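See below for the structure under consideration.
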Amino acid sequence: MKFSIALRSAAITTVAVVLLSQPTLLEGRSTCPDNFFNPEAQLRYYGGFNLGLHNPDMSCKLPHHWQHEFEQLSAAVASLELPQVVFKLFSTSDCGGFFKAIPAAINTNTKVWATLWTGHGGRYEQEKEALRQAIQAFPHAHTWLAGISVGSEHLHRGEMSAWEISSQICDIKQMVQYEFGLTGIPVGCADTGSSLALPYNQQAMWAADHVNVNTYPFWSQTHIDDAQFQMTQVLRNFRDLLADDPDKVIAFGETGWPSVGVYGASFGDVPNAERYWKDVGCWMHKEKIPWVWFEGVDEPNKPDMGCVGGAEQNWGVLKAGANERKFEMIC
């Protein structure tokens, strides 16, 4: 989650307005020319956690760090009896983290969700090649790979166009689903709800098998009492928008509440973080809406966002070191 606070706040608070004011947005869409995806084989419900690639001292996580975090977080949601626990990482090449995390997923019977932290030219090719090498190195990728997102809020930050993202989605689909025969692994996009809802950005969703909608009531200065309502509205709007494509899974790829910080009417503390889980997390679990919590473990190494009093470092369910839970994830 890398963003400008002003951009994030404006984006999230306008999602319903954008969607409701564009009644003809389904026209003129374009999907990938060749589609090898088998939607019947994909995960339609799962829960999990977003995780950073670095330790608190900024060293890269090693296999034993991933193993420890996967074990601790799997235990945190054990009572939910999820059909699959998923861990989403934010790059396939940085730190070698994605490659190093795969053995931990195999050992813990969990799966990783790959994110290509894409860009222009060499950056995209670097991320694509790292994904290719991982699939080649660890056979039977369907047993450890839950899905793939091309980009992570790149539309929100204005770093890529929707057509560029969609072209890269089609390219990754060709490699993963055709070349490697992994037809049940969805390839999709991940961005803020309002960014995806804009007419000129929707092409990214049309190319995608799967849509990760990142939604944070905290960043729209929403009071905790109103957080669940905001989430239900976002989901309703995206279901309306994608109503004629029932095979496309809509997931909350990032959502959560910090244990520190104040932003308008949003107060970050442990009781509110726990309440957000009870109100939103348990709602998603009950309704079988796929979710990936932001985040699994605190990241004290992140820069301080002074106006929100340390919120950026304190979104984890576990404190830094991944040994202590802030609250119980029960429903």
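By order of appearance in the structure tokens: chains A, B, ..., then residues from 1 within every chain, and ligands from 1 in the order shown.
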Within 12 Å of range 175-192 of chain A, which residues of range 219-323 of chain A come that close, and what is the closest atom pair and distance in Å for each? Count only C-alpha atoms and give it as JSON lines.
{"residue": "A:Trp219", "atom": "CA", "partner": "A:Thr192", "partner_atom": "CA", "distance": 11.4}
{"residue": "A:Ser220", "atom": "CA", "partner": "A:Thr192", "partner_atom": "CA", "distance": 11.9}
{"residue": "A:Val234", "atom": "CA", "partner": "A:Thr192", "partner_atom": "CA", "distance": 10.6}
{"residue": "A:Phe238", "atom": "CA", "partner": "A:Thr192", "partner_atom": "CA", "distance": 11.7}
{"residue": "A:Asp247", "atom": "CA", "partner": "A:Pro186", "partner_atom": "CA", "distance": 10.7}
{"residue": "A:Lys248", "atom": "CA", "partner": "A:Pro186", "partner_atom": "CA", "distance": 9.2}
{"residue": "A:Val249", "atom": "CA", "partner": "A:Pro186", "partner_atom": "CA", "distance": 9.1}
{"residue": "A:Ile250", "atom": "CA", "partner": "A:Gly188", "partner_atom": "CA", "distance": 10.1}
{"residue": "A:Ala251", "atom": "CA", "partner": "A:Ala190", "partner_atom": "CA", "distance": 9.4}
{"residue": "A:Phe252", "atom": "CA", "partner": "A:Ala190", "partner_atom": "CA", "distance": 9.2}
{"residue": "A:Gly253", "atom": "CA", "partner": "A:Ala190", "partner_atom": "CA", "distance": 6.9}
{"residue": "A:Glu254", "atom": "CA", "partner": "A:Ala190", "partner_atom": "CA", "distance": 8.9}
{"residue": "A:Thr255", "atom": "CA", "partner": "A:Thr192", "partner_atom": "CA", "distance": 10.4}
{"residue": "A:Val292", "atom": "CA", "partner": "A:Ala190", "partner_atom": "CA", "distance": 11.6}
Could you take the residues named above and write them with N, CA and C atoms, as a PDB file, in the first residue's frame?
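The new file out_19.pdb reads:
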ATOM      1  N   TRP A 219      -9.031   5.469   5.324  1.00  0.00           N
ATOM      2  CA  TRP A 219      -8.425   6.531   4.517  1.00  0.00           C
ATOM      3  C   TRP A 219      -9.464   7.478   3.920  1.00  0.00           C
ATOM      4  N   SER A 220     -10.731   7.163   4.045  1.00  0.00           N
ATOM      5  CA  SER A 220     -11.760   8.126   3.639  1.00  0.00           C
ATOM      6  C   SER A 220     -12.318   8.864   4.852  1.00  0.00           C
ATOM      7  N   VAL A 234     -19.519  -0.454  -1.750  1.00  0.00           N
ATOM      8  CA  VAL A 234     -18.491  -0.695  -2.771  1.00  0.00           C
ATOM      9  C   VAL A 234     -18.720  -2.039  -3.449  1.00  0.00           C
ATOM     10  N   PHE A 238     -19.652  -2.701  -7.514  1.00  0.00           N
ATOM     11  CA  PHE A 238     -18.832  -3.496  -8.432  1.00  0.00           C
ATOM     12  C   PHE A 238     -19.590  -4.711  -8.952  1.00  0.00           C
ATOM     13  N   ASP A 247     -18.381 -15.032 -13.987  1.00  0.00           N
ATOM     14  CA  ASP A 247     -17.182 -15.826 -13.724  1.00  0.00           C
ATOM     15  C   ASP A 247     -16.049 -14.994 -13.139  1.00  0.00           C
ATOM     16  N   LYS A 248     -16.151 -13.679 -13.248  1.00  0.00           N
ATOM     17  CA  LYS A 248     -15.088 -12.802 -12.760  1.00  0.00           C
ATOM     18  C   LYS A 248     -15.249 -12.608 -11.255  1.00  0.00           C
ATOM     19  N   VAL A 249     -14.283 -13.069 -10.480  1.00  0.00           N
ATOM     20  CA  VAL A 249     -14.345 -12.956  -9.024  1.00  0.00           C
ATOM     21  C   VAL A 249     -13.964 -11.539  -8.601  1.00  0.00           C
ATOM     22  N   ILE A 250     -14.795 -10.958  -7.738  1.00  0.00           N
ATOM     23  CA  ILE A 250     -14.503  -9.655  -7.132  1.00  0.00           C
ATOM     24  C   ILE A 250     -14.065  -9.913  -5.696  1.00  0.00           C
ATOM     25  N   ALA A 251     -12.870  -9.461  -5.357  1.00  0.00           N
ATOM     26  CA  ALA A 251     -12.327  -9.674  -4.020  1.00  0.00           C
ATOM     27  C   ALA A 251     -11.912  -8.341  -3.420  1.00  0.00           C
ATOM     28  N   PHE A 252     -11.918  -8.269  -2.100  1.00  0.00           N
ATOM     29  CA  PHE A 252     -11.293  -7.144  -1.426  1.00  0.00           C
ATOM     30  C   PHE A 252      -9.823  -7.513  -1.225  1.00  0.00           C
ATOM     31  N   GLY A 253      -8.986  -7.044  -2.151  1.00  0.00           N
ATOM     32  CA  GLY A 253      -7.577  -7.422  -2.144  1.00  0.00           C
ATOM     33  C   GLY A 253      -6.766  -6.745  -1.069  1.00  0.00           C
ATOM     34  N   GLU A 254      -7.259  -5.619  -0.570  1.00  0.00           N
ATOM     35  CA  GLU A 254      -6.664  -4.955   0.585  1.00  0.00           C
ATOM     36  C   GLU A 254      -7.781  -4.281   1.364  1.00  0.00           C
ATOM     37  N   THR A 255      -7.841  -4.555   2.639  1.00  0.00           N
ATOM     38  CA  THR A 255      -8.690  -3.797   3.552  1.00  0.00           C
ATOM     39  C   THR A 255      -8.244  -4.099   4.970  1.00  0.00           C
ATOM     40  N   VAL A 292      -8.268 -10.313   1.454  1.00  0.00           N
ATOM     41  CA  VAL A 292      -6.861 -10.397   1.856  1.00  0.00           C
ATOM     42  C   VAL A 292      -6.599  -9.197   2.766  1.00  0.00           C
TER      43      VAL A 292
END
Would you mind listing what lies within 12 Å of range 224-231 of chain A as a count of residues only, with only C-alpha atoms counted and same-chain residues fewer than 5 positions away left out? 47
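The environment of Lys319 in chain A within 6 Å, counting only C-alpha atoms and disregarding residues fewer than 3 places along the same chain, consists of A:Val297, A:Asp298, A:Ala322, A:Glu324.
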Export of the given selection (N, CA and C atoms) as a PDB file, in the first residue's frame:
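Writing the result to selection28.pdb gives the following:
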ATOM      1  N   VAL A 297       1.400  -8.422   9.333  1.00  0.00           N
ATOM      2  CA  VAL A 297       2.391  -8.076  10.355  1.00  0.00           C
ATOM      3  C   VAL A 297       2.740  -6.596  10.237  1.00  0.00           C
ATOM      4  N   ASP A 298       2.851  -5.917  11.367  1.00  0.00           N
ATOM      5  CA  ASP A 298       3.267  -4.511  11.380  1.00  0.00           C
ATOM      6  C   ASP A 298       4.592  -4.325  10.639  1.00  0.00           C
ATOM      7  N   ALA A 322       6.041 -10.937  14.412  1.00  0.00           N
ATOM      8  CA  ALA A 322       5.019 -11.964  14.146  1.00  0.00           C
ATOM      9  C   ALA A 322       4.877 -12.971  15.272  1.00  0.00           C
ATOM     10  N   GLU A 324       3.063 -11.881  18.383  1.00  0.00           N
ATOM     11  CA  GLU A 324       1.987 -11.457  19.285  1.00  0.00           C
ATOM     12  C   GLU A 324       0.806 -10.904  18.494  1.00  0.00           C
TER      13      GLU A 324
END
Can you pull out every residue within 10 Å of Val86 in chain A, counting only C-alpha atoms, but drop anything in the same chain fewer than 2 positions away, and send it as a PyMOL selection string? chain A and resi 46-50+70+74+82-84+88-89+105+109-113+144-147+291-293
Those selected residues, please, written with N, CA and C atoms and delivered as a tab-separated table (two decimals), in the first residue's frame.
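Saved file selection.tsv follows:
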chain	number	residue	atom	x	y	z
A	46	TYR	N	-11.73	-17.39	-0.39
A	46	TYR	CA	-10.52	-17.61	0.39
A	46	TYR	C	-10.35	-16.41	1.31
A	47	GLY	N	-9.46	-16.53	2.25
A	47	GLY	CA	-9.09	-15.41	3.10
A	47	GLY	C	-7.60	-15.43	3.30
A	48	GLY	N	-7.03	-14.29	3.64
A	48	GLY	CA	-5.59	-14.27	3.82
A	48	GLY	C	-5.07	-12.91	4.20
A	49	PHE	N	-3.78	-12.71	3.95
A	49	PHE	CA	-3.08	-11.53	4.44
A	49	PHE	C	-2.11	-10.99	3.40
A	50	ASN	N	-2.02	-9.68	3.33
A	50	ASN	CA	-0.94	-9.02	2.62
A	50	ASN	C	0.28	-8.97	3.53
A	70	PHE	N	3.77	-17.36	8.06
A	70	PHE	CA	2.67	-18.17	7.53
A	70	PHE	C	2.05	-19.03	8.62
A	74	SER	N	-1.72	-18.34	9.87
A	74	SER	CA	-2.65	-19.45	9.65
A	74	SER	C	-3.33	-19.83	10.95
A	82	LEU	N	-11.19	-21.70	6.83
A	82	LEU	CA	-11.19	-21.19	5.47
A	82	LEU	C	-10.88	-22.31	4.48
A	83	PRO	N	-11.50	-22.29	3.30
A	83	PRO	CA	-11.16	-23.29	2.29
A	83	PRO	C	-9.73	-23.16	1.81
A	84	GLN	N	-9.17	-21.94	1.90
A	84	GLN	CA	-7.78	-21.72	1.54
A	84	GLN	C	-7.27	-20.45	2.20
A	88	LYS	N	-0.60	-12.66	0.09
A	88	LYS	CA	-0.31	-11.84	-1.10
A	88	LYS	C	0.96	-11.03	-0.87
A	89	LEU	N	1.88	-11.16	-1.81
A	89	LEU	CA	3.15	-10.45	-1.76
A	89	LEU	C	3.16	-9.39	-2.86
A	105	ALA	N	4.86	-21.73	1.79
A	105	ALA	CA	3.48	-22.02	1.39
A	105	ALA	C	3.27	-23.52	1.24
A	109	ASN	N	0.72	-25.71	3.70
A	109	ASN	CA	-0.52	-25.99	2.96
A	109	ASN	C	-1.32	-24.71	2.72
A	110	THR	N	-0.61	-23.62	2.49
A	110	THR	CA	-1.22	-22.36	2.13
A	110	THR	C	-0.82	-22.03	0.69
A	111	LYS	N	-1.26	-20.88	0.19
A	111	LYS	CA	-0.89	-20.46	-1.16
A	111	LYS	C	-0.45	-19.00	-1.16
A	112	VAL	N	0.38	-18.67	-2.14
A	112	VAL	CA	0.79	-17.28	-2.31
A	112	VAL	C	0.03	-16.68	-3.48
A	113	TRP	N	-0.21	-15.39	-3.37
A	113	TRP	CA	-0.79	-14.62	-4.47
A	113	TRP	C	0.31	-13.70	-4.98
A	144	TRP	N	0.50	-24.28	-4.94
A	144	TRP	CA	1.04	-23.22	-4.09
A	144	TRP	C	0.74	-21.81	-4.58
A	145	LEU	N	0.22	-21.67	-5.80
A	145	LEU	CA	-0.06	-20.35	-6.37
A	145	LEU	C	-1.56	-20.15	-6.49
A	146	ALA	N	-2.09	-19.15	-5.78
A	146	ALA	CA	-3.54	-18.91	-5.79
A	146	ALA	C	-3.96	-18.04	-6.96
A	147	GLY	N	-3.15	-17.08	-7.34
A	147	GLY	CA	-3.50	-16.17	-8.41
A	147	GLY	C	-2.41	-15.14	-8.62
A	291	TRP	N	-11.18	-12.19	0.59
A	291	TRP	CA	-10.54	-11.05	1.24
A	291	TRP	C	-9.08	-11.36	1.52
A	292	VAL	N	-8.27	-10.31	1.45
A	292	VAL	CA	-6.86	-10.40	1.86
A	292	VAL	C	-6.60	-9.20	2.77
A	293	TRP	N	-6.43	-9.48	4.04
A	293	TRP	CA	-6.36	-8.43	5.06
A	293	TRP	C	-5.07	-7.64	4.92
When DSSP is applied to the backbone of this structure, which of range 26-150 of chain A are assigned helix (DSSP H, G or I)? Write them out as a ChimeraX atom specification. /A:39-41,63-76,78-80,94-108,122-137,141-143
Expected answer as a VMD selection string: strand (DSSP E) residues in range 54-167 of chain A: chain A and resid 85 to 89 111 to 116 145 to 150
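Comparing A:Ile135, A:Met329, A:Ile148, A:Cys32 by their smallest distance to Gln174 in chain A, the closest is A:Cys32 (using only C-alpha atoms).
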Excluding Ala311 in chain A and any residue of its chain fewer than 4 positions from it, enumerate the residues within 7 Å of it, using only C-alpha atoms, and give them as a ChimeraX atom specification. /A:258,260-261,315
Written selection (C-alpha atoms) as a PDB file, in the first residue's frame:
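Final output, saved to selection-v2.pdb:
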ATOM      1  CA  PRO A 258      -4.718   0.405  11.869  1.00  0.00           C
ATOM      2  CA  VAL A 260      -2.479   3.608  15.715  1.00  0.00           C
ATOM      3  CA  GLY A 261      -3.289   6.959  14.117  1.00  0.00           C
ATOM      4  CA  TRP A 315      -1.877  -2.163  10.184  1.00  0.00           C
TER       5      TRP A 315
END
Tell me which protein, DNA and RNA residues are within 12 Å of Asp245 in chain A, counting only C-alpha atoms, leaving out same-chain ones fewer than 3 positions away, and put them as a ChimeraX atom specification. /A:26,31,39,205-211,238-242,248-250
For those residues, write N, CA and C atoms to a file as a JSON list (two decimals), in the first residue's frame.
[["chain", "number", "residue", "atom", "x", "y", "z"],
["A", 26, "LEU", "N", -20.38, -0.28, -19.58],
["A", 26, "LEU", "CA", -20.11, -1.63, -20.04],
["A", 26, "LEU", "C", -19.88, -1.70, -21.55],
["A", 31, "THR", "N", -11.58, -7.80, -24.26],
["A", 31, "THR", "CA", -10.94, -8.84, -23.48],
["A", 31, "THR", "C", -9.69, -9.32, -24.21],
["A", 39, "PRO", "N", -12.58, -20.84, -15.51],
["A", 39, "PRO", "CA", -13.11, -20.25, -14.27],
["A", 39, "PRO", "C", -13.64, -21.27, -13.29],
["A", 205, "MET", "N", -10.13, -4.14, -15.94],
["A", 205, "MET", "CA", -11.05, -5.17, -15.43],
["A", 205, "MET", "C", -11.54, -6.09, -16.53],
["A", 206, "TRP", "N", -11.76, -5.55, -17.72],
["A", 206, "TRP", "CA", -12.28, -6.40, -18.80],
["A", 206, "TRP", "C", -11.27, -7.47, -19.19],
["A", 207, "ALA", "N", -9.99, -7.15, -19.12],
["A", 207, "ALA", "CA", -8.97, -8.14, -19.47],
["A", 207, "ALA", "C", -8.75, -9.15, -18.35],
["A", 208, "ALA", "N", -9.11, -8.79, -17.13],
["A", 208, "ALA", "CA", -8.78, -9.58, -15.95],
["A", 208, "ALA", "C", -9.72, -10.76, -15.74],
["A", 209, "ASP", "N", -9.17, -11.84, -15.19],
["A", 209, "ASP", "CA", -9.99, -12.96, -14.71],
["A", 209, "ASP", "C", -10.54, -12.66, -13.33],
["A", 210, "HIS", "N", -9.87, -11.79, -12.60],
["A", 210, "HIS", "CA", -10.11, -11.58, -11.17],
["A", 210, "HIS", "C", -9.83, -10.11, -10.88],
["A", 211, "VAL", "N", -10.66, -9.50, -10.03],
["A", 211, "VAL", "CA", -10.51, -8.08, -9.72],
["A", 211, "VAL", "C", -10.31, -7.91, -8.22],
["A", 238, "PHE", "N", -19.65, -2.70, -7.51],
["A", 238, "PHE", "CA", -18.83, -3.50, -8.43],
["A", 238, "PHE", "C", -19.59, -4.71, -8.95],
["A", 239, "ARG", "N", -20.44, -5.27, -8.14],
["A", 239, "ARG", "CA", -21.26, -6.38, -8.64],
["A", 239, "ARG", "C", -22.21, -5.89, -9.73],
["A", 240, "ASP", "N", -22.75, -4.70, -9.57],
["A", 240, "ASP", "CA", -23.59, -4.13, -10.61],
["A", 240, "ASP", "C", -22.79, -3.87, -11.88],
["A", 241, "LEU", "N", -21.61, -3.34, -11.71],
["A", 241, "LEU", "CA", -20.77, -2.99, -12.85],
["A", 241, "LEU", "C", -20.36, -4.21, -13.66],
["A", 242, "LEU", "N", -20.10, -5.32, -12.97],
["A", 242, "LEU", "CA", -19.61, -6.53, -13.63],
["A", 242, "LEU", "C", -20.68, -7.62, -13.68],
["A", 248, "LYS", "N", -16.15, -13.68, -13.25],
["A", 248, "LYS", "CA", -15.09, -12.80, -12.76],
["A", 248, "LYS", "C", -15.25, -12.61, -11.26],
["A", 249, "VAL", "N", -14.28, -13.07, -10.48],
["A", 249, "VAL", "CA", -14.34, -12.96, -9.02],
["A", 249, "VAL", "C", -13.96, -11.54, -8.60],
["A", 250, "ILE", "N", -14.79, -10.96, -7.74],
["A", 250, "ILE", "CA", -14.50, -9.66, -7.13],
["A", 250, "ILE", "C", -14.07, -9.91, -5.70]]
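Across the structure, CA of Leu51 in chain A and CA of Glu295 in chain A are spaced 6.1 Å apart.
CA of Gly122 in chain A lies 12.8 Å from CA of Gln168 in chain A.
Across the model, the gap from CA of Ala41 in chain A to CA of Gly96 in chain A is 28.5 Å.
With only C-alpha atoms as the basis for measurement, A:Asp94 is the residue among A:Asp94, A:Glu164, A:Glu71, A:Glu127 that approaches His54 in chain A most closely.
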